[in-house]
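Structure below is data-v3.pdb: PDB, C-alpha atoms.
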ATOM      1  CA  MET A   1      96.357  26.557 122.973
ATOM      2  CA  ALA A   2      92.685  25.596 123.295
ATOM      3  CA  LYS A   3      91.863  27.591 120.161
ATOM      4  CA  LYS A   4      94.559  25.793 118.207
ATOM      5  CA  LYS A   5      93.224  22.436 119.376
ATOM      6  CA  PHE A   6      89.700  23.474 118.407
ATOM      7  CA  SER A   7      90.859  24.512 114.920
ATOM      8  CA  LYS A   8      92.649  21.204 114.446
ATOM      9  CA  ASN A   9      89.547  19.295 115.579
ATOM     10  CA  TRP A  10      87.393  21.293 113.182
ATOM     11  CA  VAL A  11      89.747  20.588 110.272
ATOM     12  CA  ASN A  12      89.792  16.858 111.112
ATOM     13  CA  GLN A  13      85.991  16.745 111.357
ATOM     14  CA  HIS A  14      85.689  18.641 108.096
ATOM     15  CA  ILE A  15      88.042  16.291 106.253
ATOM     16  CA  GLN A  16      86.228  13.232 107.623
ATOM     17  CA  ASP A  17      82.771  14.693 106.915
ATOM     18  CA  PRO A  18      81.002  12.339 104.448
ATOM     19  CA  TYR A  19      79.235  15.283 102.785
ATOM     20  CA  VAL A  20      82.546  17.068 102.202
ATOM     21  CA  LYS A  21      83.874  13.925 100.518
ATOM     22  CA  LEU A  22      80.676  13.525  98.509
ATOM     23  CA  ALA A  23      80.801  17.166  97.405
ATOM     24  CA  GLN A  24      84.347  16.644  96.147
ATOM     25  CA  GLN A  25      83.289  13.505  94.262
ATOM     26  CA  LYS A  26      80.280  15.235  92.660
ATOM     27  CA  GLY A  27      82.203  18.415  91.867
ATOM     28  CA  TYR A  28      80.114  20.671  94.103
ATOM     29  CA  ARG A  29      81.910  23.706  95.494
ATOM     30  CA  ALA A  30      80.517  23.160  99.001
ATOM     31  CA  ARG A  31      78.704  20.512 101.051
ATOM     32  CA  ALA A  32      75.783  22.965 101.277
ATOM     33  CA  ALA A  33      74.558  21.547  97.940
ATOM     34  CA  PHE A  34      73.280  18.480  99.817
ATOM     35  CA  LYS A  35      71.274  20.625 102.242
ATOM     36  CA  LEU A  36      69.477  22.215  99.324
ATOM     37  CA  LEU A  37      69.073  18.881  97.513
ATOM     38  CA  GLU A  38      67.205  17.316 100.444
ATOM     39  CA  ILE A  39      64.945  20.363 100.798
ATOM     40  CA  VAL A  40      64.009  20.645  97.116
ATOM     41  CA  GLU A  41      63.401  16.900  96.804
ATOM     42  CA  THR A  42      61.156  16.912  99.902
ATOM     43  CA  GLU A  43      59.317  20.039  98.798
ATOM     44  CA  LYS A  44      59.324  19.225  95.057
ATOM     45  CA  LEU A  45      60.981  22.524  94.168
ATOM     46  CA  LEU A  46      63.664  23.599  91.674
ATOM     47  CA  ASN A  47      62.218  22.167  88.483
ATOM     48  CA  PRO A  48      63.004  22.549  84.762
ATOM     49  CA  GLY A  49      61.556  25.775  83.358
ATOM     50  CA  ASP A  50      61.789  27.643  86.673
ATOM     51  CA  ILE A  51      63.127  31.159  87.125
ATOM     52  CA  VAL A  52      65.428  30.976  90.154
ATOM     53  CA  VAL A  53      67.313  33.647  92.120
ATOM     54  CA  ASP A  54      70.155  32.546  94.413
ATOM     55  CA  LEU A  55      70.915  35.192  97.081
ATOM     56  CA  GLY A  56      74.334  35.069  98.739
ATOM     57  CA  SER A  57      75.352  32.553  96.106
ATOM     58  CA  ALA A  58      79.156  32.319  96.542
ATOM     59  CA  PRO A  59      80.940  29.921  96.283
ATOM     60  CA  GLY A  60      78.117  28.617  94.084
ATOM     61  CA  SER A  61      77.069  25.132  95.176
ATOM     62  CA  TRP A  62      73.350  26.026  95.280
ATOM     63  CA  SER A  63      73.529  27.481  91.766
ATOM     64  CA  GLN A  64      75.412  24.359  90.657
ATOM     65  CA  LEU A  65      72.615  22.152  91.986
ATOM     66  CA  ALA A  66      69.973  24.368  90.370
ATOM     67  CA  ARG A  67      71.732  24.050  87.021
ATOM     68  CA  GLU A  68      71.983  20.281  87.428
ATOM     69  CA  ARG A  69      68.250  19.924  88.092
ATOM     70  CA  MET A  70      67.269  22.264  85.245
ATOM     71  CA  LYS A  71      69.740  21.054  82.642
ATOM     72  CA  ARG A  72      68.669  19.884  79.198
ATOM     73  CA  SER A  73      70.380  16.942  77.500
ATOM     74  CA  ASP A  74      72.512  19.373  75.461
ATOM     75  CA  GLY A  75      73.791  21.006  78.665
ATOM     76  CA  SER A  76      71.794  24.243  78.363
ATOM     77  CA  VAL A  77      69.539  25.405  81.199
ATOM     78  CA  ASN A  78      65.784  24.942  80.840
ATOM     79  CA  GLY A  79      64.755  28.064  82.713
ATOM     80  CA  GLN A  80      66.780  30.887  84.228
ATOM     81  CA  ILE A  81      69.194  31.016  87.171
ATOM     82  CA  ILE A  82      70.427  34.355  88.482
ATOM     83  CA  ALA A  83      72.985  34.366  91.304
ATOM     84  CA  LEU A  84      73.792  37.427  93.418
ATOM     85  CA  ASP A  85      76.556  37.989  95.945
ATOM     86  CA  MET A  86      78.765  40.724  97.331
ATOM     87  CA  LEU A  87      81.699  38.304  96.903
ATOM     88  CA  GLU A  88      83.103  37.177  93.565
ATOM     89  CA  MET A  89      81.927  33.788  92.334
ATOM     90  CA  GLU A  90      83.627  31.569  89.786
ATOM     91  CA  PRO A  91      81.433  31.341  86.653
ATOM     92  CA  ILE A  92      78.953  28.477  86.245
ATOM     93  CA  ALA A  93      77.731  27.630  82.738
ATOM     94  CA  GLY A  94      74.138  28.756  82.272
ATOM     95  CA  VAL A  95      74.067  30.850  85.468
ATOM     96  CA  SER A  96      73.984  34.670  85.322
ATOM     97  CA  PHE A  97      76.000  36.206  88.160
ATOM     98  CA  LEU A  98      75.503  39.716  89.507
ATOM     99  CA  LEU A  99      78.202  41.069  91.817
ATOM    100  CA  GLY A 100      77.012  43.513  94.465
ATOM    101  CA  ASP A 101      74.501  44.231  97.203
ATOM    102  CA  PHE A 102      70.891  43.702  96.072
ATOM    103  CA  ARG A 103      69.858  46.645  98.251
ATOM    104  CA  GLU A 104      71.660  48.932  95.758
ATOM    105  CA  ASP A 105      69.691  50.406  92.857
ATOM    106  CA  SER A 106      72.326  49.527  90.253
ATOM    107  CA  VAL A 107      72.245  45.838  91.217
ATOM    108  CA  MET A 108      68.440  45.782  91.184
ATOM    109  CA  GLU A 109      68.403  47.453  87.759
ATOM    110  CA  ASN A 110      70.704  44.718  86.443
ATOM    111  CA  LEU A 111      68.435  42.077  87.968
ATOM    112  CA  GLN A 112      65.315  43.615  86.430
ATOM    113  CA  ALA A 113      67.047  43.705  83.047
ATOM    114  CA  GLN A 114      67.810  39.974  83.373
ATOM    115  CA  LEU A 115      64.260  39.125  84.443
ATOM    116  CA  GLN A 116      62.667  41.222  81.672
ATOM    117  CA  GLY A 117      59.531  41.788  83.715
ATOM    118  CA  GLN A 118      59.097  38.153  84.707
ATOM    119  CA  LYS A 119      58.357  37.053  88.256
ATOM    120  CA  VAL A 120      60.416  34.358  90.001
ATOM    121  CA  ASP A 121      59.449  30.756  90.861
ATOM    122  CA  LEU A 122      62.028  30.242  93.596
ATOM    123  CA  VAL A 123      64.185  32.528  95.727
ATOM    124  CA  MET A 124      66.989  30.695  97.567
ATOM    125  CA  SER A 125      68.950  32.372 100.340
ATOM    126  CA  ASP A 126      71.929  30.750 102.020
ATOM    127  CA  MET A 127      72.957  34.169 103.321
ATOM    128  CA  ALA A 128      74.412  34.491 106.807
ATOM    129  CA  PRO A 129      75.912  37.555 108.490
ATOM    130  CA  ASN A 130      79.394  37.775 109.936
ATOM    131  CA  LEU A 131      78.892  36.818 113.579
ATOM    132  CA  THR A 132      80.542  38.562 116.521
ATOM    133  CA  GLY A 133      80.003  35.975 119.273
ATOM    134  CA  VAL A 134      77.809  38.470 121.149
ATOM    135  CA  ALA A 135      74.426  36.722 121.270
ATOM    136  CA  SER A 136      72.174  39.804 121.206
ATOM    137  CA  ALA A 137      74.086  41.458 118.357
ATOM    138  CA  ASP A 138      74.243  38.231 116.365
ATOM    139  CA  SER A 139      70.505  37.577 116.762
ATOM    140  CA  ALA A 140      69.772  41.055 115.422
ATOM    141  CA  ARG A 141      72.100  40.531 112.449
ATOM    142  CA  ILE A 142      70.584  37.143 111.611
ATOM    143  CA  ALA A 143      67.052  38.541 111.836
ATOM    144  CA  HIS A 144      68.039  41.421 109.544
ATOM    145  CA  VAL A 145      69.449  39.078 106.865
ATOM    146  CA  CYS A 146      66.272  36.949 107.017
ATOM    147  CA  GLU A 147      64.197  40.112 106.668
ATOM    148  CA  LEU A 148      66.161  41.143 103.575
ATOM    149  CA  ALA A 149      65.597  37.733 101.942
ATOM    150  CA  GLN A 150      61.895  37.801 102.811
ATOM    151  CA  ASP A 151      61.417  41.340 101.462
ATOM    152  CA  PHE A 152      63.226  40.404  98.257
ATOM    153  CA  ALA A 153      61.050  37.302  97.815
ATOM    154  CA  ILE A 154      57.803  39.193  98.403
ATOM    155  CA  ARG A 155      58.775  41.732  95.721
ATOM    156  CA  HIS A 156      59.901  39.239  93.090
ATOM    157  CA  LEU A 157      58.044  35.931  93.519
ATOM    158  CA  LYS A 158      55.108  34.687  91.463
ATOM    159  CA  PRO A 159      51.958  34.311  93.621
ATOM    160  CA  GLU A 160      52.559  30.542  93.895
ATOM    161  CA  GLY A 161      56.360  30.940  94.243
ATOM    162  CA  ALA A 162      58.572  29.737  97.082
ATOM    163  CA  LEU A 163      61.384  30.975  99.309
ATOM    164  CA  ILE A 164      64.073  28.742 100.838
ATOM    165  CA  MET A 165      65.937  30.696 103.504
ATOM    166  CA  LYS A 166      68.651  29.873 105.989
ATOM    167  CA  ALA A 167      67.865  30.940 109.559
ATOM    168  CA  PHE A 168      69.339  30.168 112.978
ATOM    169  CA  HIS A 169      67.606  29.155 116.167
ATOM    170  CA  GLY A 170      67.992  31.927 118.692
ATOM    171  CA  SER A 171      66.104  34.813 120.229
ATOM    172  CA  GLY A 172      64.807  36.145 116.899
ATOM    173  CA  PHE A 173      63.905  32.842 115.247
ATOM    174  CA  SER A 174      60.246  32.640 116.290
ATOM    175  CA  GLN A 175      59.711  36.232 115.138
ATOM    176  CA  THR A 176      61.226  35.392 111.737
ATOM    177  CA  VAL A 177      58.809  32.447 111.368
ATOM    178  CA  LYS A 178      55.901  34.663 112.475
ATOM    179  CA  ASN A 179      56.851  37.320 109.900
ATOM    180  CA  LEU A 180      56.923  34.713 107.119
ATOM    181  CA  LYS A 181      53.503  33.392 108.134
ATOM    182  CA  THR A 182      51.987  36.862 107.710
ATOM    183  CA  GLN A 183      53.087  36.896 104.057
ATOM    184  CA  PHE A 184      53.018  33.229 102.965
ATOM    185  CA  LYS A 185      50.311  30.555 103.060
ATOM    186  CA  ARG A 186      52.619  27.714 104.135
ATOM    187  CA  VAL A 187      55.824  27.898 106.201
ATOM    188  CA  VAL A 188      57.802  24.841 107.298
ATOM    189  CA  GLU A 189      61.123  24.260 109.039
ATOM    190  CA  ARG A 190      63.685  21.884 107.533
ATOM    191  CA  LYS A 191      66.871  20.555 109.128
ATOM    192  CA  PRO A 192      68.612  18.557 106.370
ATOM    193  CA  LYS A 193      70.857  15.619 107.251
ATOM    194  CA  ALA A 194      73.833  17.471 105.744
ATOM    195  CA  SER A 195      73.339  20.257 108.318
ATOM    196  CA  ARG A 196      75.641  19.512 111.255
ATOM    197  CA  ASP A 197      73.868  18.513 114.472
ATOM    198  CA  LYS A 198      75.819  21.084 116.481
ATOM    199  CA  SER A 199      74.749  23.884 114.140
ATOM    200  CA  SER A 200      71.705  25.957 115.047
ATOM    201  CA  GLU A 201      70.957  26.549 111.371
ATOM    202  CA  THR A 202      67.462  25.650 110.191
ATOM    203  CA  PHE A 203      66.046  26.262 106.753
ATOM    204  CA  LEU A 204      62.651  27.855 106.363
ATOM    205  CA  VAL A 205      60.541  27.070 103.310
ATOM    206  CA  ALA A 206      57.743  29.552 102.611
ATOM    207  CA  ARG A 207      55.266  28.954  99.780
ATOM    208  CA  GLY A 208      52.392  30.843  98.193
ATOM    209  CA  LEU A 209      52.135  34.591  98.717
ATOM    210  CA  LYS A 210      49.053  35.728 100.610
TER     211      LYS A 210
END
Structure re-expressed in structure tokens:
Amino acid sequence: MAKKKFSKNWVNQHIQDPYVKLAQQKGYRARAAFKLLEIVETEKLLNPGDIVVDLGSAPGSWSQLARERMKRSDGSVNGQIIALDMLEMEPIAGVSFLLGDFREDSVMENLQAQLQGQKVDLVMSDMAPNLTGVASADSARIAHVCELAQDFAIRHLKPEGALIMKAFHGSGFSQTVKNLKTQFKRVVERKPKASRDKSSETFLVARGLK
């Protein structure tokens, strides 16, 4: 009974959420677009001409925002946006989508073919693991996903490039920040207004490879 009540409360909160309403008005596929918008405006990232990779892109709101910020007057993209996910994603004009796990050689070969030897300006990761509710197991899973995003960024970013990565406060959070600081010159934490207060999610922005 309690679970049912919780679900109903969540649905009501979701429907009343101003960012959910705004996302519907703007045509974004998820409210997460506003989290990214605040971060890139604060950090002056995601600019026309950039090469951008969106990890864990589905349903596509981050790629939508990237396209919007990089769009020419004729609707084409000034730059390159490549989205990757293990889940299908509805097409977005001007965005290349690769279906699969970027740890697999075939997916990486496709990515390299798209990049044509170019390095990336911005890696964005809104990836999150499936959580079990067991704190120790979940912390390990979250840390692993952050590690994957960081490793990907280190391999593909330009020296002055940036990584925006979703993380969660918990037992492994400080270690994740520490790991980033060993590889990047500047690391900051961002908690956008569109991120729910109750959520432990925090976005890490890492810039400039060491």
Residues matched by the PyMOL selection byres ((chain A and resi 205) around 7), written as a list in words: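 Selected by the PyMOL selection byres ((chain A and resi 205) around 7) here: Leu163, Ile164, Met165, Val187, Val188, Glu189, Phe203, Leu204, Ala206 and Arg207 of chain A.
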Long-range neighbours of segment 125-127 of chain A as number ranges by chain, 10 Å cut-off, all atoms listed in the file, 5 positions minimum in chain: A: 32, 36, 53-58, 62, 84-85, 142, 145-146, 148-150, 153, 163-167, 203-204
Separation of atom CA of Ile39 of chain A from atom CA of Phe97 of chain A, in Å and rounded to one decimal: 23.1 Å
Using all atoms listed in the file: which of A:Thr42, A:Thr202, A:Ser76, A:Thr176 has the shortest distance to Asp151 of chain A: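 Of the candidates, the smallest distance to Asp151 of chain A is held by A:Thr176.
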Atom pair atom CA of Gly49 of chain A / atom CA of Arg31 of chain A: separation (Å): 25.2 Å
Point (69.1, 19.6, 86.9), cut-off 12 Å, counting only C-alpha atoms, residues as JSON, numbers by chain: {"A": [37, 40, 41, 45, 46, 47, 48, 49, 50, 62, 63, 64, 65, 66, 67, 68, 69, 70, 71, 72, 73, 74, 75, 76, 77, 78, 79, 80, 81, 94]}
Counting all atoms listed in the file, the option among A:Val177, A:Glu160, A:Gln116, A:Gly172 closest to Ser136 of chain A: A:Gly172
Shell around segment 130-132 of chain A at 10 Å using only C-alpha atoms, local window under 6 positions removed, as a list in words: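 Listing them by chain and then by number gives Asp138, Ser139, Arg141 and Ile142 of chain A.
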Between atom CA of Met108 of chain A and atom CA of Ser96 of chain A, distance in Å (one decimal): 13.7 Å
Neighbours of Phe102 of chain A within 9 Å (all atoms listed in the file; same-chain residues fewer than 2 positions away dropped), as a CSV table (one decimal) with C-alpha atoms, keeping the file's coordinate frame?
chain,number,residue,atom,x,y,z
A,55,LEU,CA,70.9,35.2,97.1
A,84,LEU,CA,73.8,37.4,93.4
A,85,ASP,CA,76.6,38.0,95.9
A,86,MET,CA,78.8,40.7,97.3
A,98,LEU,CA,75.5,39.7,89.5
A,99,LEU,CA,78.2,41.1,91.8
A,100,GLY,CA,77.0,43.5,94.5
A,104,GLU,CA,71.7,48.9,95.8
A,105,ASP,CA,69.7,50.4,92.9
A,106,SER,CA,72.3,49.5,90.3
A,107,VAL,CA,72.2,45.8,91.2
A,108,MET,CA,68.4,45.8,91.2
A,111,LEU,CA,68.4,42.1,88.0
A,152,PHE,CA,63.2,40.4,98.3
